[in-house]
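File shown here: structure_25.cif, holding mmCIF, C-alpha atoms and all ligand atoms.
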```cif
data_my_file
loop_
_atom_site.label_atom_id
_atom_site.label_comp_id
_atom_site.auth_asym_id
_atom_site.auth_seq_id
_atom_site.Cartn_x
_atom_site.Cartn_y
_atom_site.Cartn_z
CA MET J 8 0.00 0.00 0.00
CA ASN J 9 1.14 3.53 -0.72
CA SER J 10 2.19 5.10 2.57
CA PHE J 11 1.26 8.50 1.21
CA LEU J 12 -2.31 8.23 2.48
CA GLY J 13 -1.36 5.74 5.23
CA PRO J 14 -2.18 8.06 8.17
CA PHE J 15 -5.76 8.40 6.91
CA ARG J 16 -6.56 4.72 6.42
CA ASP J 17 -8.32 3.84 9.63
CA ILE J 18 -10.65 6.66 10.43
CA SER J 19 -14.39 7.06 10.85
CA PRO J 20 -16.12 9.69 8.74
CA ILE J 21 -17.92 12.55 10.47
CA PRO J 22 -19.73 15.49 8.85
CA PHE J 23 -17.58 18.18 7.20
CA GLU J 24 -17.93 20.89 4.61
CA SER J 25 -15.22 22.57 2.57
CA ILE J 26 -15.02 25.07 -0.33
CA TRP J 27 -11.97 25.40 -2.61
CA GLU J 28 -11.22 27.35 -5.72
CA SER J 29 -8.69 25.82 -8.10
CA PRO J 30 -7.33 26.98 -11.48
CA SER J 31 -7.01 25.32 -14.83
CA ASN J 32 -3.53 25.07 -16.34
CA ILE J 33 -1.95 25.06 -19.77
CA ALA J 34 0.73 22.42 -20.37
CA PHE J 35 3.94 23.76 -21.92
CA VAL J 36 5.22 20.17 -22.15
CA LYS J 37 2.35 17.77 -22.73
CA TYR J 38 1.29 14.68 -20.83
CA TRP J 39 0.07 12.41 -23.61
CA GLY J 40 0.26 8.67 -22.98
CA LYS J 41 0.24 6.63 -19.77
CA LYS J 42 2.23 3.74 -18.39
CA GLY J 43 -0.13 2.14 -15.88
CA HIS J 44 -2.90 3.65 -13.77
CA GLN J 45 -2.53 7.44 -14.00
CA ILE J 46 1.25 7.12 -14.43
CA PRO J 47 2.51 9.48 -17.15
CA ALA J 48 4.70 8.15 -19.96
CA ASN J 49 6.79 11.34 -19.81
CA PRO J 50 7.24 14.34 -17.52
CA SER J 51 5.04 17.38 -18.16
CA LEU J 52 5.18 21.01 -17.14
CA SER J 53 2.40 23.59 -16.96
CA MET J 54 1.46 27.11 -16.00
CA ALA J 55 -1.49 27.73 -13.67
CA LEU J 56 -4.09 30.16 -15.00
CA SER J 57 -5.51 33.06 -13.05
CA GLU J 58 -9.05 33.74 -14.28
CA CYS J 59 -10.09 30.28 -15.45
CA LYS J 60 -10.95 28.34 -12.34
CA THR J 61 -13.52 26.12 -10.62
CA THR J 62 -15.08 26.68 -7.23
CA THR J 63 -16.32 23.54 -5.48
CA LYS J 64 -18.18 23.08 -2.24
CA THR J 65 -18.29 19.53 -0.92
CA ILE J 66 -20.38 18.29 2.00
CA PHE J 67 -19.13 14.96 3.37
CA ALA J 68 -21.23 12.92 5.81
CA PRO J 69 -21.26 9.31 7.08
CA ALA J 70 -23.62 6.99 5.18
CA ASP J 71 -24.32 3.26 4.89
CA GLU J 72 -22.97 3.24 1.32
CA LEU J 73 -21.13 5.63 -1.04
CA ARG J 74 -23.58 8.14 -2.50
CA VAL J 75 -22.50 11.07 -4.68
CA SER J 76 -24.64 13.90 -6.00
CA LEU J 77 -23.23 16.75 -8.06
CA ASN J 78 -24.68 20.07 -9.07
CA LEU J 79 -22.85 21.96 -11.85
CA GLU J 80 -23.82 25.60 -12.41
CA GLY J 81 -27.15 25.04 -10.63
CA GLN J 82 -28.08 21.82 -12.51
CA ASN J 83 -27.84 18.24 -11.27
CA ASN J 84 -25.23 16.40 -13.31
CA ASP J 85 -25.44 12.62 -13.00
CA ARG J 86 -22.59 12.01 -15.46
CA PHE J 87 -20.07 13.96 -13.37
CA ALA J 88 -21.50 12.49 -10.13
CA LYS J 89 -20.82 9.02 -11.57
CA LYS J 90 -17.23 10.04 -12.43
CA ILE J 91 -16.62 11.18 -8.84
CA GLN J 92 -18.24 7.98 -7.52
CA ILE J 93 -15.88 5.84 -9.67
CA TYR J 94 -12.93 8.00 -8.60
CA LEU J 95 -13.75 7.59 -4.89
CA GLU J 96 -14.22 3.84 -5.36
CA SER J 97 -10.73 3.73 -6.90
CA LEU J 98 -9.34 5.03 -3.58
CA VAL J 99 -10.89 2.22 -1.53
CA VAL J 100 -7.63 0.31 -0.92
CA GLU J 101 -6.03 3.40 0.60
CA LEU J 102 -9.17 4.90 2.15
CA PRO J 103 -11.63 2.01 2.78
CA TRP J 104 -14.09 4.28 4.62
CA VAL J 105 -14.96 6.23 1.43
CA LEU J 106 -17.55 3.50 0.83
CA ASN J 107 -19.43 4.88 3.85
CA LEU J 108 -19.75 8.46 2.66
CA SER J 109 -22.46 10.70 1.38
CA VAL J 110 -20.81 13.31 -0.87
CA VAL J 111 -22.79 16.34 -2.01
CA ILE J 112 -20.95 18.60 -4.48
CA GLU J 113 -21.82 22.03 -5.80
CA THR J 114 -19.43 23.29 -8.44
CA SER J 115 -19.11 26.11 -10.96
CA ASN J 116 -16.53 27.34 -13.47
CA THR J 117 -15.58 30.92 -14.34
CA PHE J 118 -15.16 29.89 -17.98
CA PRO J 119 -17.58 28.35 -20.48
CA HIS J 120 -17.58 24.65 -21.19
CA GLY J 121 -15.80 23.83 -24.48
CA ALA J 122 -13.64 26.95 -24.33
CA GLY J 123 -10.43 24.98 -24.79
CA ILE J 124 -9.62 25.39 -21.13
CA ALA J 125 -9.19 22.17 -19.21
CA SER J 126 -12.18 22.09 -16.84
CA SER J 127 -11.16 18.60 -15.69
CA ALA J 128 -7.88 20.04 -14.34
CA SER J 129 -9.59 22.80 -12.35
CA GLY J 130 -12.72 20.80 -11.46
CA LEU J 131 -11.01 17.63 -10.28
CA SER J 132 -8.24 19.47 -8.43
CA ALA J 133 -10.89 21.60 -6.65
CA PHE J 134 -12.70 18.42 -5.57
CA ALA J 135 -9.43 16.71 -4.55
CA LEU J 136 -8.55 19.77 -2.45
CA THR J 137 -11.86 19.53 -0.57
CA LEU J 138 -11.17 15.82 -0.05
CA THR J 139 -7.64 16.50 1.22
CA ASP J 140 -9.06 19.15 3.52
CA TYR J 141 -11.46 16.50 4.84
CA LEU J 142 -8.60 14.06 5.46
CA TYR J 143 -6.74 16.69 7.46
CA PHE J 144 -9.91 17.53 9.40
CA LEU J 145 -10.40 13.86 10.28
CA LYS J 146 -6.77 13.41 11.26
CA SER J 147 -5.54 16.78 12.44
CA ASP J 148 -2.11 15.49 13.48
CA ALA J 149 -1.14 14.69 9.86
CA SER J 150 1.83 16.69 8.66
CA GLU J 151 0.60 19.97 7.13
CA ASN J 152 3.64 20.56 5.01
CA ILE J 153 2.67 17.88 2.54
CA PHE J 154 -0.96 18.96 2.27
CA PHE J 155 -0.50 20.10 -1.34
CA GLN J 156 1.53 17.01 -2.28
CA ARG J 157 -1.33 14.88 -1.01
CA ALA J 158 -3.86 17.08 -2.82
CA SER J 159 -1.79 16.69 -5.99
CA TYR J 160 -1.60 12.92 -5.52
CA LEU J 161 -5.38 12.72 -5.07
CA SER J 162 -5.92 15.03 -8.07
CA ARG J 163 -3.68 12.87 -10.26
CA ILE J 164 -5.76 9.76 -9.60
CA ALA J 165 -8.81 11.71 -10.80
CA SER J 166 -7.15 13.30 -13.85
CA GLY J 167 -3.44 13.55 -14.61
CA SER J 168 -3.37 17.21 -15.61
CA ALA J 169 -5.30 18.13 -12.44
CA CYS J 170 -2.30 17.23 -10.27
CA ARG J 171 -0.42 20.24 -11.68
CA SER J 172 -3.27 22.63 -10.76
CA VAL J 173 -2.69 22.55 -7.00
CA PHE J 174 0.29 24.91 -7.29
CA GLY J 175 0.45 28.48 -8.54
CA GLY J 176 2.96 29.59 -11.18
CA TYR J 177 4.61 26.62 -12.86
CA SER J 178 4.59 22.99 -11.88
CA CYS J 179 6.11 19.73 -13.11
CA TRP J 180 4.80 16.22 -12.90
CA GLY J 181 6.52 12.93 -13.74
CA ASP J 182 9.88 11.26 -13.27
CA SER J 183 12.64 13.30 -14.91
CA GLU J 184 16.28 14.23 -14.57
CA LEU J 185 15.19 17.10 -12.31
CA SER J 186 15.60 16.18 -8.68
CA LYS J 187 12.37 15.75 -6.69
CA THR J 188 10.04 15.23 -9.67
CA THR J 189 7.92 12.13 -9.38
CA ASN J 190 5.14 10.24 -11.15
CA GLU J 191 3.08 10.37 -7.93
CA TYR J 192 2.35 14.10 -7.70
CA ALA J 193 3.36 17.45 -9.13
CA ILE J 194 5.86 19.85 -7.60
CA PRO J 195 6.18 23.63 -8.06
CA LEU J 196 8.95 24.98 -10.29
CA GLU J 197 10.78 28.25 -9.58
CA VAL J 198 11.46 30.23 -12.74
CA HIS J 199 13.29 33.39 -13.84
CA SER J 200 11.49 36.61 -12.82
CA GLU J 201 11.12 37.61 -16.52
CA LEU J 202 8.92 34.58 -17.13
CA SER J 203 7.19 34.28 -13.77
CA SER J 204 4.07 35.91 -15.17
CA LEU J 205 3.02 35.44 -18.80
CA ASN J 206 -0.16 36.19 -20.72
CA ASP J 207 -2.30 33.32 -21.97
CA THR J 208 -4.96 34.69 -24.30
CA VAL J 209 -7.26 31.94 -25.50
CA LEU J 210 -8.78 32.17 -28.97
CA VAL J 211 -11.92 30.09 -28.72
CA ILE J 212 -12.08 28.90 -32.31
CA SER J 213 -14.79 26.35 -31.63
CA GLY J 214 -16.68 25.75 -28.40
CA THR J 215 -18.21 22.48 -29.66
CA GLU J 216 -17.34 19.51 -27.46
CA LYS J 217 -14.54 17.38 -28.92
CA ASN J 218 -15.54 13.98 -30.21
CA VAL J 219 -12.50 12.09 -28.85
CA SER J 220 -11.83 12.51 -25.11
CA SER J 221 -8.33 12.97 -23.67
CA ARG J 222 -8.72 9.62 -21.94
CA THR J 223 -9.21 7.95 -25.34
CA GLY J 224 -6.35 10.01 -26.77
CA HIS J 225 -4.00 8.68 -24.07
CA GLU J 226 -5.14 5.13 -24.85
CA ARG J 227 -4.34 5.59 -28.53
CA MET J 228 -0.70 6.15 -27.57
CA ASN J 229 -0.56 2.52 -26.34
CA ASP J 230 -0.07 1.04 -29.80
CA HIS J 231 1.11 4.18 -31.57
CA PHE J 232 3.93 3.72 -34.04
CA PHE J 233 5.68 6.90 -32.82
CA ALA J 234 4.97 6.46 -29.08
CA GLU J 235 8.52 5.82 -27.88
CA SER J 236 9.92 8.60 -30.10
CA ARG J 237 7.29 10.97 -28.76
CA PHE J 238 8.13 10.11 -25.14
CA THR J 239 11.84 10.66 -25.88
CA GLN J 240 11.04 14.00 -27.53
CA ALA J 241 8.85 15.06 -24.57
CA LYS J 242 11.62 14.19 -22.08
CA SER J 243 14.08 16.29 -24.06
CA ASN J 244 11.58 19.17 -24.40
CA PHE J 245 10.92 18.96 -20.67
CA ASN J 246 14.62 19.50 -19.87
CA ARG J 247 14.87 22.34 -22.40
CA CYS J 248 11.67 23.92 -21.12
CA VAL J 249 12.93 23.90 -17.52
CA SER J 250 16.23 25.47 -18.53
CA THR J 251 14.62 28.22 -20.68
CA LEU J 252 12.17 29.03 -17.87
CA ARG J 253 15.00 29.21 -15.36
CA SER J 254 17.24 31.33 -17.55
CA GLY J 255 14.44 33.65 -18.74
CA ASP J 256 14.93 32.72 -22.41
CA VAL J 257 11.53 33.61 -23.89
CA GLU J 258 12.48 32.79 -27.49
CA GLY J 259 13.81 29.37 -26.48
CA LEU J 260 10.67 28.73 -24.46
CA GLY J 261 8.42 29.76 -27.35
CA ILE J 262 10.03 27.29 -29.74
CA ILE J 263 9.36 24.45 -27.28
CA LEU J 264 5.79 25.57 -26.63
CA GLU J 265 4.92 25.40 -30.30
CA ALA J 266 6.82 22.14 -30.91
CA GLU J 267 4.91 20.52 -28.04
CA ALA J 268 1.54 21.79 -29.24
CA LEU J 269 2.15 20.55 -32.79
CA SER J 270 3.57 17.20 -31.62
CA LEU J 271 0.46 16.59 -29.51
CA HIS J 272 -1.76 17.06 -32.56
CA ALA J 273 0.66 15.12 -34.78
CA MET J 274 0.15 12.16 -32.41
CA MET J 275 -3.60 12.38 -32.98
CA LEU J 276 -3.19 12.62 -36.76
CA THR J 277 -0.85 9.62 -36.90
CA SER J 278 -2.48 7.37 -34.31
CA PRO J 279 -3.67 3.90 -35.44
CA ASN J 280 -7.20 5.28 -35.33
CA PRO J 281 -6.44 8.80 -36.56
CA TYR J 282 -8.45 11.88 -35.68
CA MET J 283 -8.12 15.62 -35.99
CA LEU J 284 -9.14 18.26 -33.48
CA LEU J 285 -7.61 21.22 -35.33
CA LYS J 286 -9.95 23.35 -37.46
CA PRO J 287 -9.12 25.36 -40.60
CA LYS J 288 -9.34 28.53 -38.48
CA THR J 289 -6.77 27.10 -36.04
CA LEU J 290 -4.31 26.79 -38.93
CA SER J 291 -5.12 30.31 -40.16
CA ALA J 292 -4.49 31.69 -36.67
CA ILE J 293 -1.17 29.78 -36.41
CA GLU J 294 -0.03 31.21 -39.75
CA ALA J 295 -1.04 34.72 -38.66
CA VAL J 296 0.99 34.32 -35.44
CA TRP J 297 4.02 33.12 -37.42
CA ASP J 298 3.70 36.03 -39.91
CA PHE J 299 3.37 38.53 -37.06
CA ARG J 300 6.46 37.13 -35.37
CA ARG J 301 8.51 37.11 -38.58
CA GLN J 302 7.56 40.69 -39.39
CA THR J 303 7.82 42.26 -35.94
CA LYS J 304 10.31 39.99 -34.09
CA ILE J 305 7.93 40.28 -31.15
CA PRO J 306 7.83 37.14 -28.93
CA LEU J 307 4.30 35.88 -29.45
CA TYR J 308 3.91 32.08 -29.33
CA PHE J 309 1.06 29.60 -29.23
CA SER J 310 0.16 26.43 -27.44
CA LEU J 311 -2.76 24.07 -27.98
CA ASP J 312 -4.61 21.78 -25.63
CA ALA J 313 -6.45 18.71 -26.93
CA GLY J 314 -8.77 20.87 -29.03
CA PRO J 315 -8.87 23.50 -31.78
CA ASN J 316 -8.45 26.57 -29.56
CA LEU J 317 -5.22 28.51 -29.58
CA HIS J 318 -3.51 29.63 -26.37
CA LEU J 319 -1.41 32.73 -27.15
CA ILE J 320 1.50 33.01 -24.75
CA TYR J 321 3.52 36.23 -24.41
CA PRO J 322 5.30 38.40 -21.87
CA ASP J 323 3.95 41.77 -20.70
CA SER J 324 6.77 43.65 -22.44
CA HIS J 325 4.83 43.70 -25.76
CA LYS J 326 1.34 43.27 -24.39
CA HIS J 327 -0.11 46.43 -25.90
CA LYS J 328 1.01 45.64 -29.47
CA ILE J 329 0.10 41.97 -29.22
CA ASP J 330 -3.37 42.66 -27.80
CA GLN J 331 -3.95 45.08 -30.69
CA PHE J 332 -2.83 42.40 -33.18
CA ILE J 333 -5.12 39.82 -31.56
CA THR J 334 -8.11 42.13 -31.66
CA SER J 335 -7.55 43.34 -35.21
CA GLU J 336 -6.21 40.20 -36.92
CA LEU J 337 -7.41 37.18 -34.96
CA SER J 338 -10.81 38.02 -33.51
CA HIS J 339 -12.61 37.19 -36.78
CA LEU J 340 -11.27 33.62 -36.45
CA SER J 341 -12.64 33.09 -32.97
CA GLU J 342 -16.04 32.78 -31.32
CA LYS J 343 -14.66 34.38 -28.19
CA ILE J 344 -11.38 35.59 -26.69
CA ILE J 345 -10.42 34.95 -23.06
CA PHE J 346 -7.59 37.07 -21.66
CA ASP J 347 -5.86 35.10 -18.93
CA ARG J 348 -2.37 34.86 -17.43
CA THR J 349 -0.23 33.05 -14.86
CA GLY J 350 -2.13 32.50 -11.63
CA ASN J 351 -1.32 32.01 -7.97
CA GLY J 352 -2.87 28.58 -7.53
CA PRO J 353 -5.79 27.34 -5.47
CA ARG J 354 -7.27 28.86 -2.33
CA LYS J 355 -9.65 27.80 0.37
CA CYS J 356 -12.80 29.95 0.40
C1 LIG J 401 -3.56 17.45 -23.77
O1 LIG J 401 -5.31 15.02 -17.68
O2 LIG J 401 -7.28 15.18 -19.25
O3 LIG J 401 -4.27 18.46 -21.74
O4 LIG J 401 -5.43 11.71 -16.83
O5 LIG J 401 -6.96 10.73 -18.54
O6 LIG J 401 -7.77 12.62 -17.11
P1 LIG J 401 -6.57 11.97 -17.79
O7 LIG J 401 -6.09 12.98 -18.93
P2 LIG J 401 -5.96 14.55 -18.92
O8 LIG J 401 -4.96 14.77 -20.16
C2 LIG J 401 -4.47 16.04 -20.45
C3 LIG J 401 -3.86 16.08 -21.77
C4 LIG J 401 -3.43 17.44 -22.26
C5 LIG J 401 -1.97 17.72 -21.93
C6 LIG J 401 -1.64 18.12 -20.53
O9 LIG J 401 -2.42 18.81 -19.85
O10 LIG J 401 -0.50 17.81 -20.12
#
```
Mind turning this structure into structure tokens?
Ligand code: DP6
Amino acid sequence: MNSFLGPFRDISPIPFESIWESPSNIAFVKYWGKKGHQIPANPSLSMALSECKTTTKTIFAPADELRVSLNLEGQNNDRFAKKIQIYLESLVVELPWVLNLSVVIETSNTFPHGAGIASSASGLSAFALTLTDYLYFLKSDASENIFFQRASYLSRIASGSACRSVFGGYSCWGDSELSKTTNEYAIPLEVHSELSSLNDTVLVISGTEKNVSSRTGHERMNDHFFAESRFTQAKSNFNRCVSTLRSGDVEGLGIILEAEALSLHAMMLTSPNPYMLLKPKTLSAIEAVWDFRRQTKIPLYFSLDAGPNLHLIYPDSHKHKIDQFITSELSHLSEKIIFDRTGNGPRKC
């Protein structure tokens, strides 16, 4: 058994209520492919967002069997309740008493569904934080200083990318050459002051729900012809990304951001059961960004999540000019534009 949750194994549930707000994140180096249950095939690195977040209130109470109800934006959502139920059941070896819980969740996002912002990262980390809070309430002598490691561990089991959302700024997850990184949970990464706060402006090119989930996308890496090459590339990009972030090399960082975004989508296009999440307008926006950069030499770069929407990443030094470019040249390609930036991580409400 994993000793990480060991102190919380033999306890009896009592009523408790907790509210946490947790951000989404954008991966600079992508987690795409797993080796075992929620174990990443390569290390990943992400930046926490500031505006795009989920607030979750959870009421825990003893019950004769595990019962979960979930209300999202004022509406009962049985599909998400089922997901949380399955997640809690998956913790039964470490926390057997979860089978005797009633769990009532009320949750809401600051950003629209389908906006190309990972709501699973913010939503599942917000829930995991309320659960961690509950563990610490039940066992108040547990060591506080690993609260966020435990929250990250519990987030990871729910959704890999969620484990990076429990820290502000930048965080890394997965075994790597960097000391202290682990597959079990994410850790925060200190970066150069020049890059400690970046803009992430999201061009919502299509808000329609994607037809292949990330979970399925990870699975398609299992028998992917390029899988091992991709994992090797991601490991190398991870090391380069850490060193550019630490040295404040924005151009170097930008090259990696774009290579990672395009490699992620290349994996989808070349998987045994190929699919495409990019839209014609995504490609037009990428070309416009490249033209702008060539002509102005201004450091504007893009990233992509598993969807068609472009995340535009840039420092404040050229914010005025870049925001003007986005409004005049890119807004006709997007349904909506969300101006976000590096955030400070979760907080208890
Ligand atoms: C493209 O974290 O959603 O956003 O662990 O199966 O829930 P599960 O997958 P998920 O995958 C995220 C994929 C990504 C890249 C990333 O955030 O690193």
Practice problem: Go through J:Lys146, J:Lys343, J:Lys37, J:Arg301 one by one, measure the shortest atom-to-atom distance of each to Cys179 in chain J using only C-alpha atoms, and give the residue with the smallest value. | Solution: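 Among the listed residues, J:Lys37 lies closest to Cys179 in chain J.
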Practice prompt. All residues within 10 Å of ligand LIG 401 (chain J) are required, counting all atoms listed in the file; please report them as a ChimeraX atom specification.
Written response: /J:31-41,44-47,49-54,123-128,131,162-172,179-180,220-226,267-268,271-272,311-314
Given all atoms listed in the file as the counted atoms, nearest of J:Thr215, J:Phe332, J:Cys356, J:Ala158 to Lys64 in chain J =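 With all atoms listed in the file as the atom set, the closest residue is J:Cys356.
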Just to confirm, what's the straight-line distance from CA of Thr277 in chain J to CA of Lys42 in chain J in Å (one decimal)?
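Calculated distance between CA of Thr277 in chain J and CA of Lys42 in chain J is 19.7 Å.
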8 Å contact set for Thr139 in chain J, all atoms listed in the file, chain neighbours under 5 positions out, as a list in words: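 That gives Phe154, Arg157, Ala158 and Leu161 of chain J.
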If you keep C-alpha atoms, can you produce a file of those selected residues as a PDB file, in the coordinates of the input?
```pdb
ATOM      1  CA  PHE J 154      -0.960  18.960   2.270  1.00  0.00           C
ATOM      2  CA  ARG J 157      -1.330  14.880  -1.010  1.00  0.00           C
ATOM      3  CA  ALA J 158      -3.860  17.080  -2.820  1.00  0.00           C
ATOM      4  CA  LEU J 161      -5.380  12.720  -5.070  1.00  0.00           C
TER       5      LEU J 161
END
```
Proximity check range 93-120 of chain J to range 344-351 of chain J, 12 Å, nearest pairs one decimal Å, all atoms listed in the file, as a Markdown table:
```
| residue | atom | partner | partner_atom | distance |
| --- | --- | --- | --- | --- |
| J:Thr117 | CA | J:Ile345 | CA | 10.9 |
| J:Phe118 | CA | J:Ile345 | CA | 8.6 |
| J:Pro119 | CA | J:Ile345 | CA | 10.1 |
```
Residues of the last selection are to be written out with C-alpha atoms, as a PDB file, in the frame of the given file.
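The result, written out as part10.pdb:
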```pdb
ATOM      1  CA  THR J 117     -15.580  30.920 -14.340  1.00  0.00           C
ATOM      2  CA  PHE J 118     -15.160  29.890 -17.980  1.00  0.00           C
ATOM      3  CA  PRO J 119     -17.580  28.350 -20.480  1.00  0.00           C
TER       4      PRO J 119
END
```
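The interatomic distance for the pair CA of Leu205 in chain J and CA of Val296 in chain J works out to 16.8 Å.
The space between CA of Leu264 in chain J and CA of Phe309 in chain J spans 6.7 Å.
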Exercise: Pro287 in chain J partners within 12 Å, all atoms listed in the file, chain neighbours under 3 positions left out, as a list in words =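 Close residues of Pro287 in chain J: Ile212, Ser213, Met283, Leu284, Leu290, Ser291, Ala292, Ile293, Glu294, Pro315, Asn316, Leu340 and Ser341 of chain J.
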- Task: Using all atoms listed in the file, determine which residues lie at most 7 Å from range 86-97 of chain J, disregarding the query and same-chain residues fewer than 4 positions distant; provide the list as a PyMOL selection string.
- Result: chain J and resi 75-77+105+165
Exercise for the section: Go through J:Lys217, J:Lys60, J:Lys355, J:Lys286 and flag the residue nearest Asn116 in chain J, using only C-alpha atoms for the distances. Expected result: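 Ranking J:Lys217, J:Lys60, J:Lys355, J:Lys286 by distance to Asn116 in chain J, first place goes to J:Lys60.
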Selection: 8 Å around range 196-203 of chain J, all atoms listed in the file, excl. self and same-chain fewer than 3 positions, as a ChimeraX atom specification
/J:176-179,252-255,257,322,349
Excluding range 238-241 of chain J and residues on its chain fewer than 3 positions from it, collect all residues at most 7 Å away from it, counting only C-alpha atoms, and give them as a ChimeraX atom specification. /J:36,48-49,234-235,244-245
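Comparing the minimum interatomic distances between Thr137 in chain J and each of J:Leu56, J:Ile153, J:Leu210, J:Ile26, counting all atoms listed in the file, we find that J:Ile26 sits nearest.
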Kindly indicate which residue among J:Asp182, J:Glu336, J:Asp140, J:Glu258 lies nearest to Asn246 in chain J, using only C-alpha atoms for the distances.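 That would be J:Asp182, the residue with the smallest distance to Asn246 in chain J.
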Please define a box with edges along x, y and z of the file around all atoms of range 125-128 of chain J given in the file, extend it by 8 Å on each side, and return its centre and edge lengths in Å to one decimal, as JSON.
```
{"center_x": -10.0, "center_y": 20.4, "center_z": -16.8, "size_x": 20.3, "size_y": 19.6, "size_z": 20.9}
```
Filled-in all heavy atoms of range 60-66 of chain J, supplied as a CSV table (one decimal), in the coordinates of the input:
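Saved the output as result_17.csv:
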```csv
chain,number,residue,atom,x,y,z
J,60,LYS,N,-11.0,29.2,-13.5
J,60,LYS,CA,-11.0,28.3,-12.3
J,60,LYS,C,-12.3,27.7,-12.0
J,60,LYS,O,-13.3,28.2,-12.5
J,60,LYS,CB,-10.4,29.1,-11.2
J,60,LYS,CG,-11.1,30.4,-10.9
J,60,LYS,CD,-10.2,31.3,-10.0
J,60,LYS,CE,-10.9,32.7,-9.9
J,60,LYS,NZ,-10.1,33.7,-9.4
J,61,THR,N,-12.3,26.8,-11.1
J,61,THR,CA,-13.5,26.1,-10.6
J,61,THR,C,-13.6,26.3,-9.1
J,61,THR,O,-12.6,26.2,-8.4
J,61,THR,CB,-13.4,24.6,-10.9
J,61,THR,OG1,-13.3,24.4,-12.3
J,61,THR,CG2,-14.7,23.9,-10.4
J,62,THR,N,-14.8,26.6,-8.7
J,62,THR,CA,-15.1,26.7,-7.2
J,62,THR,C,-16.0,25.5,-6.9
J,62,THR,O,-17.0,25.3,-7.5
J,62,THR,CB,-15.8,28.0,-6.8
J,62,THR,OG1,-14.9,29.1,-7.3
J,62,THR,CG2,-15.9,28.1,-5.3
J,63,THR,N,-15.6,24.8,-5.9
J,63,THR,CA,-16.3,23.5,-5.5
J,63,THR,C,-16.6,23.5,-4.0
J,63,THR,O,-15.6,23.7,-3.2
J,63,THR,CB,-15.5,22.3,-5.9
J,63,THR,OG1,-15.4,22.3,-7.3
J,63,THR,CG2,-16.2,21.0,-5.5
J,64,LYS,N,-17.8,23.3,-3.7
J,64,LYS,CA,-18.2,23.1,-2.2
J,64,LYS,C,-18.6,21.6,-2.1
J,64,LYS,O,-19.4,21.1,-2.9
J,64,LYS,CB,-19.4,24.0,-1.9
J,64,LYS,CG,-20.0,23.7,-0.5
J,64,LYS,CD,-21.1,24.7,-0.2
J,64,LYS,CE,-22.0,24.2,0.8
J,64,LYS,NZ,-23.1,25.1,1.0
J,65,THR,N,-18.0,20.9,-1.1
J,65,THR,CA,-18.3,19.5,-0.9
J,65,THR,C,-18.7,19.3,0.5
J,65,THR,O,-18.1,19.8,1.5
J,65,THR,CB,-17.1,18.6,-1.2
J,65,THR,OG1,-16.5,18.9,-2.5
J,65,THR,CG2,-17.5,17.1,-1.2
J,66,ILE,N,-19.9,18.6,0.7
J,66,ILE,CA,-20.4,18.3,2.0
J,66,ILE,C,-20.2,16.8,2.1
J,66,ILE,O,-20.8,16.0,1.4
J,66,ILE,CB,-21.9,18.7,2.2
J,66,ILE,CG1,-22.0,20.2,1.9
J,66,ILE,CG2,-22.4,18.3,3.6
J,66,ILE,CD1,-23.5,20.6,1.8
```
